[in-house]
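So this one's final-v8.txt, compact mmCIF, C-alpha atoms and all ligand atoms:
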```
# COMPACT_ATOMS: atom_id res chain seq x y z
CA MET A 14 0.00 0.00 0.00
CA LEU A 15 1.11 3.56 -0.70
CA CYS A 16 0.86 5.88 2.29
CA LYS A 17 1.86 9.27 3.67
CA ASP A 18 2.26 8.14 7.26
CA ILE A 19 3.98 4.85 8.11
CA HIS A 20 2.85 4.94 11.71
CA SER A 21 -0.86 4.85 10.89
CA ALA A 22 -0.35 2.30 8.11
CA LEU A 23 1.65 -0.06 10.34
CA SER A 24 -0.27 0.29 13.62
CA PRO A 25 -3.28 -1.91 12.70
CA ILE A 26 -0.87 -4.66 11.59
CA LEU A 27 1.23 -4.45 14.76
CA ALA A 28 -1.96 -4.72 16.84
CA ARG A 29 -2.32 -8.33 15.66
CA TYR A 30 0.94 -9.42 17.38
CA GLU A 31 2.22 -9.53 20.97
CA SER A 32 4.55 -6.55 21.46
CA ASP A 33 7.47 -8.75 22.60
CA GLN A 34 7.11 -10.76 19.36
CA ILE A 35 7.67 -7.84 16.97
CA CYS A 36 11.21 -7.60 15.65
CA TYR A 37 12.59 -4.76 13.55
CA VAL A 38 15.40 -5.54 11.13
CA VAL A 39 16.72 -2.31 9.75
CA ASP A 40 19.39 -1.25 7.28
CA LYS A 41 22.27 0.76 8.82
CA ASN A 42 21.31 3.78 6.70
CA CYS A 43 17.96 4.04 8.46
CA ALA A 44 18.96 2.79 11.91
CA THR A 45 17.15 5.61 13.73
CA LEU A 46 13.93 5.48 11.70
CA PRO A 47 11.93 3.13 13.96
CA THR A 48 12.48 5.47 16.93
CA ARG A 49 11.93 8.67 14.94
CA LEU A 50 8.69 7.32 13.51
CA ARG A 51 7.57 6.20 16.99
CA LEU A 52 7.36 2.62 15.76
CA ILE A 53 9.39 1.53 18.77
CA GLN A 54 9.86 3.02 22.19
CA GLY A 55 12.10 2.10 25.05
CA GLU A 56 15.27 0.10 25.43
CA ASN A 57 13.64 -3.32 25.27
CA SER A 58 12.62 -2.93 21.64
CA LEU A 59 13.76 -5.70 19.39
CA LEU A 60 15.85 -3.85 16.86
CA LEU A 61 18.62 -5.35 14.74
CA VAL A 62 20.64 -2.92 12.65
CA VAL A 63 22.24 -4.71 9.70
CA GLN A 64 25.60 -3.28 8.64
CA GLU A 65 26.23 -5.43 5.57
CA SER A 66 25.38 -4.02 2.14
CA ARG A 67 25.58 -7.34 0.24
CA LYS A 68 23.14 -10.22 0.30
CA SER A 69 25.12 -12.83 2.21
CA LEU A 70 24.41 -16.00 4.16
CA GLU A 71 26.26 -14.45 7.15
CA THR A 72 23.68 -11.66 7.39
CA VAL A 73 20.78 -14.08 7.08
CA GLN A 74 22.39 -16.07 9.90
CA GLN A 75 22.69 -12.90 11.98
CA ILE A 76 18.93 -12.31 11.56
CA TRP A 77 18.11 -15.95 12.48
CA ASP A 78 20.34 -15.63 15.58
CA PHE A 79 18.59 -12.42 16.60
CA LEU A 80 15.17 -14.10 16.31
CA PHE A 81 16.38 -17.04 18.42
CA GLU A 82 18.01 -14.79 21.04
CA HIS A 83 14.70 -13.01 21.56
CA ASP A 84 12.60 -16.18 21.67
CA ILE A 85 10.46 -15.19 18.70
CA THR A 86 7.82 -17.86 18.21
CA ARG A 87 6.03 -18.91 15.04
CA HIS A 88 3.49 -16.17 15.83
CA GLY A 89 6.06 -13.40 15.70
CA LEU A 90 6.40 -10.58 13.18
CA LEU A 91 9.54 -9.33 11.45
CA VAL A 92 9.37 -5.74 10.17
CA ALA A 93 12.08 -5.11 7.57
CA ILE A 94 13.02 -1.49 6.88
CA GLY A 95 15.56 -0.71 4.17
CA GLY A 96 16.48 -1.23 0.55
CA GLY A 97 16.00 -4.37 -1.52
CA VAL A 98 19.16 -6.07 -0.23
CA LEU A 99 17.82 -5.83 3.33
CA THR A 100 14.20 -6.78 2.54
CA ASP A 101 15.33 -9.79 0.45
CA MET A 102 17.52 -11.17 3.27
CA ALA A 103 15.04 -10.38 6.05
CA GLY A 104 12.26 -11.97 3.97
CA PHE A 105 14.33 -15.13 3.55
CA ALA A 106 15.12 -15.25 7.28
CA ALA A 107 11.37 -14.88 7.97
CA ALA A 108 10.52 -17.58 5.39
CA THR A 109 12.83 -20.12 7.00
CA TYR A 110 12.79 -19.32 10.74
CA LYS A 111 10.67 -22.00 12.44
CA ARG A 112 9.23 -22.79 8.97
CA GLY A 113 8.09 -19.24 8.49
CA ILE A 114 6.96 -16.19 10.46
CA ASP A 115 5.05 -13.15 9.19
CA HIS A 116 6.95 -10.21 7.81
CA VAL A 117 6.18 -6.68 6.66
CA ASN A 118 8.38 -4.79 4.23
CA ILE A 119 8.91 -1.04 4.51
CA PRO A 120 11.12 -0.16 1.53
CA THR A 121 13.22 2.99 1.77
CA THR A 122 14.63 3.11 -1.77
CA LEU A 123 12.85 3.52 -5.09
CA LEU A 124 14.26 0.19 -6.29
CA ALA A 125 12.83 -1.65 -3.30
CA MET A 126 9.48 0.18 -3.60
CA ILE A 127 9.11 -0.76 -7.26
CA ASP A 128 10.41 -4.27 -7.22
CA ALA A 129 12.16 -6.02 -4.35
CA SER A 130 9.73 -5.50 -1.50
CA SER A 131 6.63 -6.91 -3.20
CA GLY A 132 5.96 -10.19 -4.95
CA GLY A 133 7.52 -12.47 -2.37
CA LYS A 134 10.95 -13.16 -3.87
CA THR A 135 13.40 -13.50 -0.97
CA GLY A 136 16.96 -14.80 -0.82
CA PHE A 137 20.67 -14.07 -0.94
CA ASN A 138 23.65 -14.47 -3.24
CA TYR A 139 25.60 -17.72 -2.99
CA HIS A 140 28.62 -19.10 -4.86
CA GLY A 141 28.88 -15.76 -6.64
CA LEU A 142 25.41 -16.16 -8.18
CA LYS A 143 22.65 -13.62 -7.61
CA ASN A 144 19.75 -14.82 -5.44
CA SER A 145 20.76 -18.43 -5.99
CA ILE A 146 19.33 -19.44 -2.60
CA GLY A 147 15.84 -18.18 -1.90
CA ALA A 148 12.15 -18.77 -1.43
CA PHE A 149 8.87 -17.32 -2.63
CA TYR A 150 7.46 -15.90 0.60
CA PRO A 151 5.17 -12.87 0.31
CA PRO A 152 5.08 -10.28 3.10
CA VAL A 153 1.79 -9.72 4.90
CA GLU A 154 2.07 -6.12 3.69
CA THR A 155 4.44 -3.81 1.84
CA ILE A 156 4.15 -0.21 3.02
CA ILE A 157 5.45 2.37 0.56
CA CYS A 158 5.97 5.99 1.54
CA PRO A 159 7.17 7.92 -1.57
CA ALA A 160 7.89 11.06 0.48
CA TRP A 161 10.97 9.25 1.85
CA LEU A 162 12.53 9.45 -1.59
CA GLU A 163 13.11 13.21 -1.27
CA SER A 164 16.53 12.57 0.24
CA LEU A 165 17.55 9.63 -1.95
CA PRO A 166 20.99 10.01 -3.60
CA PRO A 167 20.73 10.40 -7.42
CA HIS A 168 22.38 7.03 -8.17
CA GLU A 169 19.78 5.27 -6.01
CA PHE A 170 16.97 7.21 -7.64
CA LEU A 171 18.22 6.23 -11.11
CA SER A 172 18.71 2.62 -10.03
CA GLY A 173 15.02 2.44 -9.07
CA TYR A 174 13.92 4.34 -12.17
CA ALA A 175 15.54 1.65 -14.34
CA GLU A 176 13.18 -0.95 -12.83
CA MET A 177 10.31 1.45 -13.55
CA LEU A 178 11.47 1.64 -17.19
CA LYS A 179 11.51 -2.16 -17.31
CA THR A 180 7.94 -2.24 -16.02
CA GLY A 181 7.01 0.43 -18.56
CA LEU A 182 8.28 -1.74 -21.42
CA LEU A 183 5.61 -4.26 -20.37
CA ASN A 184 2.74 -1.76 -20.49
CA THR A 185 1.72 0.46 -23.42
CA LYS A 186 0.04 3.07 -21.20
CA LEU A 187 2.92 3.41 -18.74
CA TRP A 188 5.88 3.56 -21.16
CA PRO A 189 5.08 6.99 -22.72
CA GLN A 190 4.41 8.42 -19.27
CA LEU A 191 7.82 7.25 -18.05
CA LEU A 192 9.47 8.78 -21.14
CA ARG A 193 7.74 12.10 -20.36
CA TYR A 194 8.86 12.17 -16.70
CA ASP A 195 11.60 14.77 -16.25
CA LEU A 196 14.54 12.89 -14.74
CA ASP A 197 16.44 16.18 -14.29
CA THR A 198 14.01 17.20 -11.55
CA MET A 199 13.61 13.84 -9.76
CA ASP A 200 10.35 15.35 -8.59
CA ILE A 201 8.62 13.04 -6.09
CA PRO A 202 5.00 14.28 -6.34
CA ALA A 203 5.17 13.80 -10.13
CA LEU A 204 6.75 10.38 -9.64
CA THR A 205 4.20 9.09 -7.11
CA PRO A 206 1.40 8.18 -9.60
CA LEU A 207 4.02 6.42 -11.73
CA ILE A 208 5.20 4.41 -8.72
CA GLU A 209 1.59 3.46 -8.07
CA GLN A 210 1.13 2.28 -11.65
CA CYS A 211 4.38 0.29 -11.66
CA VAL A 212 3.44 -1.43 -8.40
CA GLY A 213 -0.02 -2.15 -9.87
CA VAL A 214 1.47 -3.72 -13.03
CA LYS A 215 3.76 -5.92 -10.94
CA GLU A 216 0.99 -6.89 -8.50
CA ARG A 217 -1.30 -8.00 -11.32
CA ILE A 218 1.44 -10.13 -12.90
CA VAL A 219 2.42 -11.70 -9.56
CA ALA A 220 -1.22 -12.42 -8.66
CA ALA A 221 -1.61 -14.32 -11.95
CA ASP A 222 1.67 -16.26 -11.57
CA PRO A 223 3.14 -16.05 -8.03
CA LYS A 224 5.78 -18.78 -8.53
CA GLU A 225 7.08 -17.61 -11.93
CA GLU A 226 5.83 -20.55 -13.93
CA GLY A 227 4.92 -18.38 -16.91
CA LEU A 228 3.76 -14.77 -17.08
CA ARG A 229 5.93 -13.55 -14.19
CA LYS A 230 9.01 -14.20 -16.33
CA ALA A 231 8.04 -10.97 -18.10
CA LEU A 232 9.36 -9.14 -15.02
CA ASN A 233 12.79 -10.63 -15.73
CA LEU A 234 13.19 -8.45 -18.82
CA GLY A 235 16.73 -7.04 -18.75
CA HIS A 236 17.77 -9.38 -15.95
CA THR A 237 19.52 -12.20 -17.86
CA PHE A 238 22.20 -9.82 -19.14
CA GLY A 239 21.91 -7.53 -16.11
CA HIS A 240 22.56 -10.30 -13.57
CA ALA A 241 25.62 -11.56 -15.49
CA LEU A 242 27.07 -8.05 -15.38
CA GLU A 243 26.38 -7.75 -11.65
CA GLU A 244 27.95 -11.16 -11.00
CA ILE A 245 31.12 -10.51 -12.96
CA LEU A 246 31.53 -7.21 -11.13
CA MET A 247 30.50 -8.58 -7.71
CA ASP A 248 33.93 -8.53 -6.10
CA ASN A 249 36.76 -6.04 -6.05
CA SER A 250 35.05 -3.39 -8.12
CA GLN A 251 34.75 0.35 -7.61
CA PHE A 252 32.16 2.51 -9.32
CA THR A 253 31.75 6.24 -9.40
CA MET A 254 28.11 7.24 -9.84
CA HIS A 255 27.06 10.88 -9.46
CA ASN A 256 30.05 11.57 -7.18
CA ALA A 257 29.36 8.52 -4.99
CA GLN A 258 32.06 5.83 -4.67
CA LEU A 259 30.36 2.45 -4.68
CA ALA A 260 31.65 -1.08 -4.10
CA VAL A 261 28.85 -2.71 -6.11
CA LEU A 262 27.15 -1.80 -9.36
CA PRO A 263 23.63 -0.62 -8.37
CA HIS A 264 21.13 -3.29 -9.47
CA GLY A 265 19.05 -0.88 -11.56
CA TYR A 266 22.10 0.21 -13.59
CA ALA A 267 22.78 -3.45 -14.40
CA VAL A 268 19.10 -3.88 -15.35
CA LEU A 269 19.24 -0.83 -17.62
CA TYR A 270 22.33 -2.19 -19.42
CA GLY A 271 20.62 -5.59 -19.58
CA LEU A 272 17.49 -4.00 -21.07
CA ILE A 273 19.56 -2.44 -23.83
CA ALA A 274 21.19 -5.77 -24.69
CA GLU A 275 17.82 -7.55 -24.59
CA LEU A 276 16.04 -4.87 -26.65
CA TYR A 277 18.84 -5.25 -29.20
CA LEU A 278 18.05 -8.99 -29.34
CA SER A 279 14.31 -8.18 -29.51
CA VAL A 280 15.04 -6.16 -32.65
CA ILE A 281 17.15 -8.81 -34.36
CA LYS A 282 15.19 -11.89 -33.28
CA LEU A 283 11.58 -10.68 -33.00
CA HIS A 284 11.62 -7.66 -35.33
CA CYS A 285 10.67 -5.30 -32.52
CA SER A 286 10.76 -1.67 -33.67
CA LYS A 287 14.10 0.06 -32.93
CA GLU A 288 12.30 2.95 -31.22
CA PRO A 289 12.30 1.66 -27.60
CA LEU A 290 15.96 0.61 -27.99
CA HIS A 291 16.88 4.13 -29.17
CA GLN A 292 14.76 5.79 -26.46
CA LEU A 293 16.42 3.73 -23.74
CA THR A 294 19.90 4.27 -25.20
CA GLN A 295 19.34 8.06 -25.08
CA ILE A 296 18.26 7.81 -21.43
CA MET A 297 21.33 5.70 -20.63
CA LEU A 298 23.76 8.10 -22.32
CA HIS A 299 22.15 11.17 -20.75
CA TYR A 300 21.61 9.99 -17.18
CA TYR A 301 23.29 6.68 -16.39
CA GLY A 302 26.49 6.72 -18.41
CA LYS A 303 27.96 3.80 -20.29
CA PRO A 304 28.81 0.60 -18.42
CA GLN A 305 32.02 1.31 -16.49
CA CYS A 306 33.69 -1.80 -17.76
CA LYS A 307 34.27 -3.22 -21.18
CA CYS A 308 34.16 -6.76 -19.81
CA SER A 309 36.55 -8.19 -22.36
CA ASP A 310 35.91 -11.59 -20.79
CA ARG A 311 32.74 -12.29 -22.80
CA ASP A 312 33.15 -16.05 -22.29
CA ALA A 313 32.85 -15.56 -18.53
CA LEU A 314 29.72 -13.41 -18.98
CA ILE A 315 28.17 -16.03 -21.23
CA ARG A 316 29.07 -18.82 -18.77
CA LEU A 317 27.33 -16.86 -16.01
CA MET A 318 24.25 -16.46 -18.19
CA GLN A 319 24.23 -20.22 -18.80
CA GLN A 320 24.16 -20.79 -15.02
CA ASP A 321 21.27 -18.37 -14.47
CA LYS A 322 18.50 -19.94 -12.36
CA LYS A 323 15.94 -18.59 -14.84
CA ASN A 324 17.12 -21.13 -17.44
CA GLU A 325 14.86 -24.09 -18.15
CA ARG A 326 17.76 -26.39 -19.07
CA THR A 327 21.40 -26.39 -17.96
CA ALA A 328 23.80 -24.45 -20.19
CA GLU A 329 21.00 -22.87 -22.21
CA ILE A 330 20.50 -19.11 -22.09
CA ASN A 331 16.87 -18.21 -21.52
CA CYS A 332 15.62 -14.67 -21.84
CA THR A 333 12.45 -12.59 -21.90
CA LEU A 334 12.33 -10.36 -24.99
CA ILE A 335 9.61 -8.07 -26.39
CA ARG A 336 7.83 -8.04 -29.74
CA SER A 337 6.72 -4.48 -29.00
CA VAL A 338 6.16 -2.34 -25.90
CA GLY A 339 3.52 -4.19 -23.87
CA SER A 340 4.09 -7.54 -25.63
CA PRO A 341 6.71 -9.61 -23.80
CA VAL A 342 7.79 -12.93 -25.30
CA LEU A 343 8.91 -15.45 -22.69
CA ASN A 344 11.41 -18.33 -22.82
CA GLN A 345 13.51 -17.11 -25.73
CA THR A 346 16.60 -19.24 -26.20
CA ILE A 347 19.69 -17.19 -26.96
CA THR A 348 22.75 -18.74 -28.59
CA PRO A 349 26.20 -17.81 -27.23
CA GLU A 350 26.86 -16.03 -30.57
CA GLU A 351 23.69 -13.92 -30.18
CA ALA A 352 24.61 -13.12 -26.57
CA ASN A 353 28.08 -12.09 -27.71
CA GLU A 354 26.62 -9.80 -30.38
CA ALA A 355 24.31 -8.13 -27.85
CA TRP A 356 27.23 -7.52 -25.42
CA GLU A 357 29.22 -6.15 -28.37
CA TYR A 358 26.39 -3.72 -29.15
CA LEU A 359 26.12 -2.56 -25.54
CA PHE A 360 29.85 -2.01 -25.10
CA SER A 361 30.13 -0.19 -28.42
CA LEU A 362 27.72 2.59 -27.39
N1 LIG B 1 12.04 -8.96 -9.77
C1 LIG B 1 11.16 -9.66 -10.62
C2 LIG B 1 10.10 -10.40 -9.88
O1 LIG B 1 9.81 -10.09 -8.73
O2 LIG B 1 9.55 -11.31 -10.43
```

Re-express the file's structure as structure tokens.
Amino acid sequence: MLCKDIHSALSPILARYESDQICYVVDKNCATLPTRLRLIQGENSLLLVVQESRKSLETVQQIWDFLFEHDITRHGLLVAIGGGVLTDMAGFAAATYKRGIDHVNIPTTLLAMIDASSGGKTGFNYHGLKNSIGAFYPPVETIICPAWLESLPPHEFLSGYAEMLKTGLLNTKLWPQLLRYDLDTMDIPALTPLIEQCVGVKERIVAADPKEEGLRKALNLGHTFGHALEEILMDNSQFTMHNAQLAVLPHGYAVLYGLIAELYLSVIKLHCSKEPLHQLTQIMLHYYGKPQCKCSDRDALIRLMQQDKKNERTAEINCTLIRSVGSPVLNQTITPEEANEAWEYLFSL
């Protein structure tokens, strides 16, 4: 649900649980939020501040340990507050602790509002592969407060906007509205109805196919190439985005680069018009910049794509493409040569 005031949105949910069974798991960047919002009071509040900014087993373990230490029963509630990395790990801890306890997501980034915090995908990265351990486990509620985005750093705003663009490519009404939005202003009141529409598009897809057996694969547009890029850059990388020094490539940037590669393949394999590819390329060049690596090791990228959990068969590259805006085509098999050509195109821009 979208709301202006977290306190009044959360209170009726909290009322359903014993107060000593409500645990807050909060990202370090918003450690003081639960107190400032009067969600918790007093020293006995169950608050775990997570320092880690990657999705690791160690952090999931830390959350499990915290739940055990505080004797949380199967009737407890975990309230996750943070970006998608935090809500994915907290959701997985909730899914697996004592075979599952309730959780609520309160996303604080645009990326998490649009994508990560709804739809029930939870998990963490393992063996260098994105979200390779996880579970479908929907939260009892996702509470979205767009006003929080006023202070979001530009690279985080753009990272979330890339997932909005992906959603727009799946919906003919939304795509032109997203193209008209003035990214120079990053104006939140103008963005709010677009957030609402993106969340609505995702909710309708997830309701029709919660376990990604068919239609939900449409939401993976841009992610086959995007994930490979994230994985190859997972360790020992440094990125400069809008004056911020980052240790990981923001997910939305990877998705945007992946969308360009996959729109290129949509043009050559499904005769999609070149217009959305050109529109997205202009947005990339103007706001996101080119990928900050040339990734000469194409074989490694292609190997990573062959290991993607979205593939139906081992060593086959499976992708969602589009025939036109609003018409996704699922389960497209990509040959290594086609994948190479799409990477070539992206890195030549
Ligand atoms: N992130 C795509 C999905 O939730 O299915």

Proximity check segment 36-130 of chain A to segment 191-209 of chain A, 12 Å, nearest pairs one decimal Å, all atoms listed in the file, as CSV:
```
residue,atom,partner,partner_atom,distance
A:Thr122,CA,A:Ile208,CA,11.8
A:Leu123,CA,A:Ile208,CA,8.5
A:Leu124,CA,A:Ile208,CA,10.3
A:Ala125,CA,A:Ile208,CA,11.1
A:Met126,CA,A:Ile208,CA,7.9
A:Ile127,CA,A:Ile208,CA,6.6
A:Asp128,CA,A:Ile208,CA,10.2
```

Output for the residues just chosen: C-alpha atoms as a PDB file, keeping the file's coordinate frame:
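What ended up in out.pdb:
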```pdb
ATOM      1  CA  THR A 122      14.630   3.110  -1.770  1.00  0.00           C
ATOM      2  CA  LEU A 123      12.850   3.520  -5.090  1.00  0.00           C
ATOM      3  CA  LEU A 124      14.260   0.190  -6.290  1.00  0.00           C
ATOM      4  CA  ALA A 125      12.830  -1.650  -3.300  1.00  0.00           C
ATOM      5  CA  MET A 126       9.480   0.180  -3.600  1.00  0.00           C
ATOM      6  CA  ILE A 127       9.110  -0.760  -7.260  1.00  0.00           C
ATOM      7  CA  ASP A 128      10.410  -4.270  -7.220  1.00  0.00           C
TER       8      ASP A 128
END
```

Subject >> Residue neighbourhood Ser286 of chain A, 8 Å, all atoms listed in the file, exclusion window fewer than 3 positions, as a PyMOL selection string >> reply: chain A and resi 280+289+337

**OP:** Counting all atoms listed in the file, name the residues that have an atom within 6 Å of an atom of ligand LIG 1 (chain B); the answer should be given as a list in words.
**Re:**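 These are the residues that qualify: Asp128, Gly132, Lys134, Arg229, Leu232 and Asn233 of chain A.
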
Subject >> A:Ile218, A:Lys230, A:Gly265, A:Thr109 ranked by distance to Gly97 of chain A, top pick (using all atoms listed in the file) >> reply: A:Gly265

Subject >> Selected residue of minimal separation from Asn42 of chain A among A:Thr155, A:Gln64, A:Gln210, A:Gln292, counting only C-alpha atoms >> reply: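 Distance minimum relative to Asn42 of chain A lands on A:Gln64.
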